[in-house]
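Listing of start_6.cif; format and content: mmCIF, C-alpha atoms and all ligand atoms.
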```cif
data_entry
#
loop_
_atom_site.label_atom_id
_atom_site.label_comp_id
_atom_site.auth_asym_id
_atom_site.auth_seq_id
_atom_site.Cartn_x
_atom_site.Cartn_y
_atom_site.Cartn_z
CA MET A 1 62.93 76.11 55.57
CA LEU A 2 65.20 74.03 57.84
CA LYS A 3 64.43 70.38 58.46
CA LEU A 4 66.18 67.91 60.73
CA ASP A 5 65.18 64.37 59.88
CA GLN A 6 66.01 61.77 62.55
CA VAL A 7 69.41 63.28 63.22
CA SER A 8 71.79 61.54 65.62
CA LYS A 9 75.43 62.10 66.48
CA THR A 10 77.62 59.77 68.48
CA TYR A 11 81.16 60.55 69.58
CA ASN A 12 83.18 57.32 69.70
CA GLY A 13 80.08 55.35 70.57
CA GLN A 14 78.98 57.93 73.18
CA ARG A 15 75.69 59.70 72.56
CA GLY A 16 75.85 63.36 71.54
CA VAL A 17 72.27 63.78 70.26
CA GLN A 18 69.65 61.24 69.28
CA ASP A 19 66.78 61.18 66.74
CA LEU A 20 66.30 64.94 66.48
CA ASP A 21 63.31 65.64 64.30
CA PHE A 22 62.12 69.22 63.89
CA SER A 23 61.58 71.93 61.31
CA MET A 24 61.91 75.69 61.34
CA GLU A 25 59.85 78.03 59.20
CA ARG A 26 61.07 81.23 57.57
CA GLY A 27 60.95 84.22 59.92
CA GLU A 28 60.84 82.22 63.17
CA ILE A 29 63.07 83.04 66.14
CA VAL A 30 63.47 79.71 67.93
CA GLY A 31 65.00 79.40 71.39
CA PHE A 32 67.07 76.28 71.94
CA LEU A 33 67.32 75.35 75.61
CA GLY A 34 68.95 72.59 77.56
CA PRO A 35 71.25 72.01 80.52
CA ASN A 36 75.03 71.70 80.09
CA GLY A 37 75.97 68.81 77.86
CA ALA A 38 72.42 68.35 76.52
CA GLY A 39 73.54 68.58 72.89
CA LYS A 40 72.85 72.19 71.84
CA THR A 41 76.29 72.95 70.43
CA THR A 42 76.45 69.54 68.73
CA THR A 43 73.11 70.26 67.03
CA MET A 44 74.14 73.76 66.00
CA ARG A 45 77.45 72.57 64.61
CA MET A 46 75.62 69.95 62.54
CA ILE A 47 73.09 72.49 61.23
CA THR A 48 75.89 74.83 60.21
CA GLY A 49 77.76 72.01 58.46
CA TYR A 50 80.79 71.91 60.77
CA LEU A 51 79.93 68.45 62.06
CA ARG A 52 78.49 65.51 60.17
CA PRO A 53 75.54 63.62 61.71
CA THR A 54 76.16 59.93 62.35
CA GLU A 55 72.61 59.33 61.13
CA GLY A 56 69.82 61.37 59.57
CA LYS A 57 69.60 64.36 57.25
CA ILE A 58 69.62 68.13 57.64
CA LEU A 59 67.97 70.02 54.81
CA LEU A 60 67.78 73.74 54.07
CA ASP A 61 64.98 74.35 51.58
CA GLY A 62 65.33 70.74 50.48
CA MET A 63 69.12 70.87 50.00
CA SER A 64 71.38 68.76 52.19
CA VAL A 65 73.69 70.80 54.41
CA HIS A 66 76.31 68.09 54.13
CA GLU A 67 75.94 66.86 50.54
CA GLN A 68 75.55 70.31 48.96
CA GLY A 69 77.81 71.91 51.52
CA ARG A 70 79.22 75.12 50.12
CA LYS A 71 76.03 76.23 48.39
CA VAL A 72 73.90 75.65 51.48
CA ARG A 73 76.40 77.01 53.95
CA SER A 74 76.55 80.33 52.13
CA ARG A 75 72.95 80.77 53.28
CA ILE A 76 73.75 80.12 56.94
CA GLY A 77 75.35 82.48 59.45
CA TYR A 78 76.88 81.03 62.62
CA LEU A 79 78.01 82.73 65.78
CA PRO A 80 79.70 80.09 67.96
CA GLU A 81 79.80 80.51 71.72
CA THR A 82 83.30 81.91 71.40
CA PRO A 83 83.27 84.02 68.23
CA PRO A 84 86.24 83.30 65.95
CA LEU A 85 87.75 86.78 66.22
CA TYR A 86 91.36 87.69 65.51
CA PRO A 87 92.54 89.91 68.38
CA ASP A 88 95.28 91.55 66.34
CA MET A 89 92.96 92.77 63.61
CA THR A 90 90.93 95.97 63.66
CA VAL A 91 87.15 95.70 63.41
CA LEU A 92 87.33 96.94 59.83
CA SER A 93 90.07 94.60 58.66
CA TYR A 94 88.31 91.67 60.33
CA LEU A 95 85.03 92.43 58.57
CA GLN A 96 86.82 92.89 55.24
CA PHE A 97 88.52 89.54 55.79
CA VAL A 98 85.23 87.75 56.63
CA ALA A 99 83.45 89.36 53.65
CA LYS A 100 86.11 87.85 51.36
CA LEU A 101 86.00 84.51 53.14
CA ARG A 102 82.22 84.35 52.80
CA ASP A 103 82.38 85.10 49.07
CA VAL A 104 80.74 88.52 49.17
CA PRO A 105 81.29 89.83 45.59
CA ALA A 106 84.38 92.11 45.50
CA ARG A 107 82.45 95.19 44.30
CA GLU A 108 79.98 94.86 47.17
CA GLN A 109 82.46 94.22 49.97
CA LYS A 110 83.06 97.83 51.01
CA LEU A 111 79.38 98.64 51.03
CA ARG A 112 78.57 95.51 53.01
CA VAL A 113 81.26 96.21 55.62
CA ASP A 114 79.98 99.79 56.03
CA GLU A 115 76.43 98.47 56.37
CA MET A 116 77.50 96.01 59.09
CA VAL A 117 79.41 98.72 60.99
CA SER A 118 76.37 100.97 61.10
CA ARG A 119 73.79 98.20 61.64
CA LEU A 120 75.67 96.60 64.54
CA GLY A 121 76.46 99.94 66.20
CA LEU A 122 80.19 99.69 65.56
CA SER A 123 80.63 103.23 64.21
CA GLY A 124 83.62 104.92 65.82
CA ARG A 125 85.29 101.57 66.60
CA GLU A 126 86.20 100.54 63.05
CA HIS A 127 89.92 101.17 63.62
CA GLN A 128 90.10 99.73 67.12
CA MET A 129 91.97 96.46 67.65
CA ILE A 130 89.58 93.63 68.46
CA ARG A 131 91.67 92.69 71.50
CA SER A 132 90.89 96.07 73.10
CA LEU A 133 87.11 95.91 72.57
CA SER A 134 84.72 95.24 75.45
CA LYS A 135 83.01 91.86 75.46
CA GLY A 136 79.78 93.44 74.19
CA TYR A 137 81.54 95.05 71.23
CA LYS A 138 83.41 91.82 70.51
CA GLN A 139 80.01 90.12 70.34
CA ARG A 140 78.71 92.82 67.96
CA THR A 141 81.75 92.29 65.76
CA GLY A 142 81.17 88.52 65.82
CA LEU A 143 77.52 89.05 64.89
CA ALA A 144 78.50 91.40 62.06
CA GLY A 145 80.82 88.68 60.72
CA ALA A 146 78.04 86.08 61.03
CA ILE A 147 75.57 88.07 58.89
CA ILE A 148 77.88 89.87 56.46
CA HIS A 149 76.98 87.47 53.63
CA LYS A 150 73.24 88.02 54.27
CA PRO A 151 72.36 84.49 55.33
CA ASP A 152 68.74 83.32 55.47
CA LEU A 153 69.32 81.28 58.61
CA LEU A 154 71.23 82.61 61.59
CA VAL A 155 72.48 80.21 64.27
CA LEU A 156 73.57 81.83 67.53
CA ASP A 157 75.19 79.82 70.31
CA GLU A 158 74.65 81.62 73.63
CA PRO A 159 75.09 85.09 72.13
CA THR A 160 74.64 86.92 75.43
CA SER A 161 76.77 84.69 77.64
CA GLY A 162 79.27 86.63 79.73
CA LEU A 163 77.79 90.04 78.96
CA ASP A 164 76.68 92.57 81.56
CA PRO A 165 72.94 93.39 81.86
CA ASN A 166 73.17 96.48 79.62
CA GLN A 167 75.10 94.62 76.95
CA ILE A 168 72.58 91.75 77.18
CA MET A 169 69.72 94.18 76.49
CA GLU A 170 71.61 95.68 73.54
CA ILE A 171 72.43 92.32 71.95
CA ARG A 172 68.84 91.17 72.54
CA ASP A 173 67.51 94.22 70.72
CA LEU A 174 69.89 93.48 67.87
CA ILE A 175 68.74 89.86 67.66
CA LYS A 176 65.12 91.01 67.63
CA GLU A 177 65.94 93.33 64.76
CA LEU A 178 67.85 90.58 62.92
CA GLY A 179 64.81 88.33 63.37
CA GLU A 180 62.87 90.66 61.07
CA ASN A 181 64.98 89.58 58.08
CA HIS A 182 66.47 86.25 59.17
CA THR A 183 65.30 82.95 60.57
CA VAL A 184 67.10 82.59 63.91
CA LEU A 185 68.01 79.59 66.06
CA LEU A 186 69.33 80.79 69.38
CA SER A 187 70.71 78.73 72.23
CA THR A 188 70.72 80.26 75.67
CA HIS A 189 70.71 79.46 79.36
CA ILE A 190 68.71 82.59 80.13
CA LEU A 191 65.05 81.63 80.14
CA PRO A 192 63.55 85.16 80.18
CA GLU A 193 65.55 85.73 76.99
CA VAL A 194 63.44 83.08 75.30
CA SER A 195 60.19 84.66 76.46
CA ALA A 196 61.44 88.07 75.33
CA LEU A 197 62.70 87.05 71.90
CA CYS A 198 61.36 83.75 70.67
CA SER A 199 58.15 82.69 69.02
CA ARG A 200 59.00 79.07 69.72
CA VAL A 201 61.09 77.08 72.15
CA LEU A 202 62.81 73.72 71.81
CA ILE A 203 64.08 71.99 74.94
CA ILE A 204 66.72 69.29 74.63
CA ASN A 205 67.83 67.01 77.42
CA GLN A 206 70.42 64.23 77.31
CA GLY A 207 70.53 64.46 73.53
CA LYS A 208 66.78 64.19 72.97
CA LEU A 209 64.15 66.79 72.17
CA VAL A 210 61.72 66.89 75.10
CA LEU A 211 59.59 69.93 74.24
CA ASP A 212 58.61 71.95 71.17
CA GLY A 213 56.07 74.76 71.61
CA SER A 214 55.48 78.48 71.98
CA PRO A 215 56.92 80.04 75.17
CA ASP A 216 53.37 80.95 76.25
CA SER A 217 52.01 77.46 75.72
CA VAL A 218 54.73 75.53 77.54
CA GLY A 219 53.12 76.36 80.89
CA ASN A 220 50.04 74.37 79.88
CA SER A 221 51.90 71.54 78.30
CA MET A 222 52.98 69.61 81.31
CA GLY A 223 49.57 68.14 81.93
CA ASP A 224 49.83 67.69 85.68
CA ALA A 225 48.32 70.18 88.15
CA PHE A 226 45.71 72.83 87.64
CA GLU A 227 46.20 75.78 89.92
CA VAL A 228 43.88 78.70 90.44
CA HIS A 229 44.45 81.88 92.42
CA LEU A 230 41.22 83.18 93.85
CA THR A 231 40.27 86.37 95.69
CA VAL A 232 36.87 86.47 97.39
CA LYS A 233 35.02 88.75 99.77
CA GLY A 234 34.19 87.05 103.06
CA GLU A 235 35.46 85.85 106.42
CA ALA A 236 37.81 82.88 106.48
CA GLU A 237 35.68 81.11 109.13
CA HIS A 238 32.73 81.24 106.76
CA VAL A 239 34.41 80.64 103.37
CA MET A 240 37.02 77.99 104.19
CA PRO A 241 34.71 75.22 105.45
CA ILE A 242 32.39 75.70 102.44
CA LEU A 243 35.24 75.44 99.93
CA THR A 244 36.98 72.60 101.77
CA SER A 245 33.93 70.37 101.74
CA TRP A 246 33.12 71.35 98.13
CA GLY A 247 36.74 70.56 97.11
CA ASN A 248 36.70 67.16 98.81
CA GLY A 249 33.46 66.24 97.01
CA GLN A 250 34.82 66.91 93.52
CA GLU A 251 35.67 64.22 90.98
CA HIS A 252 39.35 65.14 91.46
CA PRO A 253 39.94 66.37 95.02
CA ILE A 254 40.92 70.01 95.21
CA THR A 255 43.38 71.17 97.81
CA LEU A 256 42.96 74.58 99.29
CA GLY A 257 45.48 76.96 100.77
CA MET A 258 45.00 80.42 102.22
CA HIS A 259 47.45 82.96 100.88
CA SER A 260 46.34 86.04 102.79
CA GLN A 261 43.44 87.55 104.67
CA SER A 262 42.66 91.18 105.36
CA GLU A 263 39.48 93.18 105.95
CA GLU A 264 37.13 90.53 104.63
CA ILE A 265 39.28 89.90 101.56
CA LEU A 266 40.60 86.37 101.24
CA GLN A 267 43.27 85.27 98.81
CA LEU A 268 43.28 81.53 98.20
CA ARG A 269 45.19 79.02 96.13
CA LEU A 270 43.38 75.95 94.81
CA SER A 271 44.97 73.05 92.98
CA THR A 272 44.37 69.54 91.67
CA PRO A 273 47.11 67.13 90.67
CA THR A 274 45.42 66.70 87.27
CA GLN A 275 44.41 69.08 84.48
CA TYR A 276 40.77 68.97 85.67
CA ASP A 277 39.35 72.47 85.06
CA TYR A 278 37.05 73.27 87.98
CA ARG A 279 36.67 77.02 87.46
CA GLU A 280 33.08 76.98 86.27
CA ALA A 281 31.94 74.68 89.11
CA LEU A 282 33.77 76.93 91.55
CA PHE A 283 32.04 80.01 90.19
CA TYR A 284 28.55 78.48 90.59
CA LYS A 285 29.35 77.16 94.07
CA LEU A 286 30.52 80.55 95.31
CA ALA A 287 27.58 82.30 93.63
CA SER A 288 25.11 79.92 95.30
CA GLU A 289 26.73 80.65 98.66
CA HIS A 290 26.63 84.43 97.97
CA ILE A 291 30.39 84.71 98.24
CA PRO A 292 31.51 87.39 95.77
CA ILE A 293 34.49 86.53 93.56
CA LEU A 294 36.77 89.53 93.16
CA GLU A 295 39.38 87.73 91.06
CA MET A 296 39.98 84.25 89.65
CA LYS A 297 43.09 83.40 87.66
CA LYS A 298 44.48 80.17 86.30
CA GLN A 299 48.14 79.96 87.25
CA ASP A 300 50.35 78.60 84.47
CA GLN A 301 53.72 77.12 85.17
CA THR A 302 56.57 79.36 84.24
CA LEU A 303 59.07 78.41 81.57
CA GLU A 304 61.60 78.02 84.39
CA GLU A 305 59.43 75.46 86.17
CA VAL A 306 58.78 73.51 82.98
CA PHE A 307 62.46 73.56 82.09
CA GLN A 308 63.42 72.31 85.52
CA LYS A 309 60.93 69.46 85.39
CA LEU A 310 61.92 68.35 81.92
CA THR A 311 65.63 68.48 82.44
CA MET A 312 66.11 67.30 85.99
CA THR A 313 67.96 64.00 85.59
CA GLU A 314 67.79 61.06 87.96
CA GLU A 315 71.24 62.14 89.08
CA GLY A 316 69.93 65.69 89.68
CA ARG A 317 67.01 64.40 91.72
CA GLU A 318 69.35 62.36 93.87
CA ARG A 319 71.56 65.35 94.43
CA LYS A 320 68.61 67.49 95.60
N1 LIG B 1 84.20 66.50 70.43
C1 LIG B 1 83.55 65.73 71.29
N2 LIG B 1 84.02 64.50 71.62
C2 LIG B 1 83.37 63.70 72.47
N3 LIG B 1 82.20 64.03 73.09
C3 LIG B 1 81.69 65.25 72.81
C4 LIG B 1 82.32 66.16 71.91
N4 LIG B 1 81.57 67.29 71.85
C5 LIG B 1 80.50 67.09 72.66
N5 LIG B 1 80.58 65.86 73.24
C6 LIG B 1 79.58 65.29 74.18
O1 LIG B 1 78.29 65.37 73.59
C7 LIG B 1 77.32 65.76 74.53
C8 LIG B 1 76.62 67.05 74.07
O2 LIG B 1 77.54 68.13 74.17
P1 LIG B 1 77.25 69.61 73.65
O3 LIG B 1 78.52 70.39 73.75
O4 LIG B 1 76.58 69.54 72.34
O5 LIG B 1 76.21 70.10 74.75
P2 LIG B 1 75.63 71.59 75.04
O6 LIG B 1 74.17 71.41 75.22
O7 LIG B 1 76.08 72.52 73.98
O8 LIG B 1 76.31 71.94 76.41
P3 LIG B 1 76.76 73.39 77.04
O9 LIG B 1 75.50 74.09 77.43
O10 LIG B 1 77.59 72.98 78.21
O11 LIG B 1 77.53 74.13 75.98
C9 LIG B 1 78.04 65.89 75.87
O12 LIG B 1 77.87 64.68 76.56
C10 LIG B 1 79.47 66.10 75.47
O13 LIG B 1 80.35 65.59 76.45
#
```

Could you take the file, read its structure, and then write that structure out as structure tokens?
Amino acid sequence: MLKLDQVSKTYNGQRGVQDLDFSMERGEIVGFLGPNGAGKTTTMRMITGYLRPTEGKILLDGMSVHEQGRKVRSRIGYLPETPPLYPDMTVLSYLQFVAKLRDVPAREQKLRVDEMVSRLGLSGREHQMIRSLSKGYKQRTGLAGAIIHKPDLLVLDEPTSGLDPNQIMEIRDLIKELGENHTVLLSTHILPEVSALCSRVLIINQGKLVLDGSPDSVGNSMGDAFEVHLTVKGEAEHVMPILTSWGNGQEHPITLGMHSQSEEILQLRLSTPTQYDYREALFYKLASEHIPILEMKKQDQTLEEVFQKLTMTEEGRERK
């Protein structure tokens, strides 16, 4: 549906983003992550046609966002980080204004505004001035304005930033619902938000895409370290020497740490610095030693850990 083909943007010779190459399929909710200044807003502004790439093409169903501007942009909804709301308008007059601006046919405008008010939970606030709305309701109004023309693609720049936890949950539920009818690209700093909402995650760092995968798969994607949490029945004095010498004799040495010990139950953590999967060998070793395994679980890295690794700059490392 959406395709970015080798897209770069420089600002007066300074890099904004570089060689972005990715596609989005219809119906996907994609999380767009990156530290401050990574290039998320620049990318979103290019996708929505507000900013022209220095190089490369952005296509929506084969049409160029920049060459066939108006036609393509009518199919895109954009909620910038600070929604373009007019504080002195009421919710209703703002939505009527945006419906006109986004070329909603005159005979449909009233119906569409009513639909947005009920869909975004704005009933009862239609006549309230935008300036007097809470931040959460301002965000709902901004979202209503972003989808009033029924776009296929919805681009949301940090839609939950600055909201309280209840408002965050409400806006998240709304985005989930919107994802049923729209393709959504969502930038955020809140990593659990990506796990909760997105079928796919893109991570950008210093203007370049450094990861593209499902939130569940990113934990396996780093390729360094294989960690297993193990619970066995037995005394530490008996189990530890057996596992230590077995671990040292493996093709990739396995380090062993004891997590806890109580009433003959031992909880251990095993790891290798490579992706060497030693679970089967471990099972047979413990079985041959008559040490019962109560639990064995491969420990994936969390999205937070992956994000930190991918985006920690040289400067960041020095600061640590
Ligand atoms: N109008 C501009 N003129 C010059 N440089 C800019 C401009 N807009 C962005 N940049 C630079 O481009 C880079 C990417 O910025 P961008 O705002 O896209 O990052 P971001 O990922 O959205 O950051 P944040 O999470 O802080 O919003 C940064 O180095 C920024 O300083």

*Taking all atoms listed in the file into account, report as number ranges by chain which residues have an atom no farther than 10 Å from an atom of ligand LIG 1 (chain B).*
A: 9-17, 32-46, 51, 81, 157-158, 187-189, 204-207

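Pairwise distance (atom CA of Lys298 of chain A, atom CA of Leu209 of chain A) equals 27.7 Å.
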
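Around segment 52-69 of chain A, within 8 Å and counting only C-alpha atoms, the residues found are Met1, Leu2, Lys3, Leu4, Asp5, Gln6, Val7, Ser8, Lys9, Thr10, Asp19, Met46 and Ile47 of chain A, once anything fewer than 5 positions away on its own chain is removed.
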
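For the choices A:Val155, A:Leu20, A:Leu143, A:Ile175, the atom-to-atom distance to Pro83 of chain A is smallest for A:Leu143 when using all atoms listed in the file.
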
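At a cut-off of 6 Å from (47.9, 74.3, 88.5), the residue set is Ala225, Phe226, Glu227, Ser271 and Gln299 of chain A (counting all atoms listed in the file).
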
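With atom CA of Leu95 of chain A on one side and atom CA of Glu115 of chain A on the other, the separation reads 10.7 Å.
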
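Counting all atoms listed in the file, the residue from A:Glu28, A:Glu264, A:Asp173, A:Glu304 that sits nearest to Thr231 of chain A is A:Glu264.
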
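Note that atom CA of Arg200 of chain A and atom CA of Leu120 of chain A are 24.7 Å apart.
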
*Can you pull out every residue within 12 Å of Lys138 of chain A, counting only C-alpha atoms, but drop anything in the same chain fewer than 6 positions away, and send it as number ranges by chain?*
A: 79, 81-87, 89-91, 94, 120-122, 125-126, 128-132, 144-145, 159-160, 162-163, 167, 171

File of the preceding selection, C-alpha atoms, as a short mmCIF file (atom, residue, chain, number, x, y, z; two decimals), in the frame of the given file:
```cif
data_model
loop_
_atom_site.label_atom_id
_atom_site.label_comp_id
_atom_site.auth_asym_id
_atom_site.auth_seq_id
_atom_site.Cartn_x
_atom_site.Cartn_y
_atom_site.Cartn_z
CA LEU A 79 78.01 82.73 65.78
CA GLU A 81 79.80 80.51 71.72
CA THR A 82 83.30 81.91 71.40
CA PRO A 83 83.27 84.02 68.23
CA PRO A 84 86.24 83.30 65.95
CA LEU A 85 87.75 86.78 66.22
CA TYR A 86 91.36 87.69 65.51
CA PRO A 87 92.54 89.91 68.38
CA MET A 89 92.96 92.77 63.61
CA THR A 90 90.93 95.97 63.66
CA VAL A 91 87.15 95.70 63.41
CA TYR A 94 88.31 91.67 60.33
CA LEU A 120 75.67 96.60 64.54
CA GLY A 121 76.46 99.94 66.20
CA LEU A 122 80.19 99.69 65.56
CA ARG A 125 85.29 101.57 66.60
CA GLU A 126 86.20 100.54 63.05
CA GLN A 128 90.10 99.73 67.12
CA MET A 129 91.97 96.46 67.65
CA ILE A 130 89.58 93.63 68.46
CA ARG A 131 91.67 92.69 71.50
CA SER A 132 90.89 96.07 73.10
CA ALA A 144 78.50 91.40 62.06
CA GLY A 145 80.82 88.68 60.72
CA PRO A 159 75.09 85.09 72.13
CA THR A 160 74.64 86.92 75.43
CA GLY A 162 79.27 86.63 79.73
CA LEU A 163 77.79 90.04 78.96
CA GLN A 167 75.10 94.62 76.95
CA ILE A 171 72.43 92.32 71.95
#
```

*With all atoms listed in the file as the basis for distance, which of A:Ala106, A:Ala99, A:Met312, A:Met240 is at the shortest distance from Ala146 of chain A?*
A:Ala99
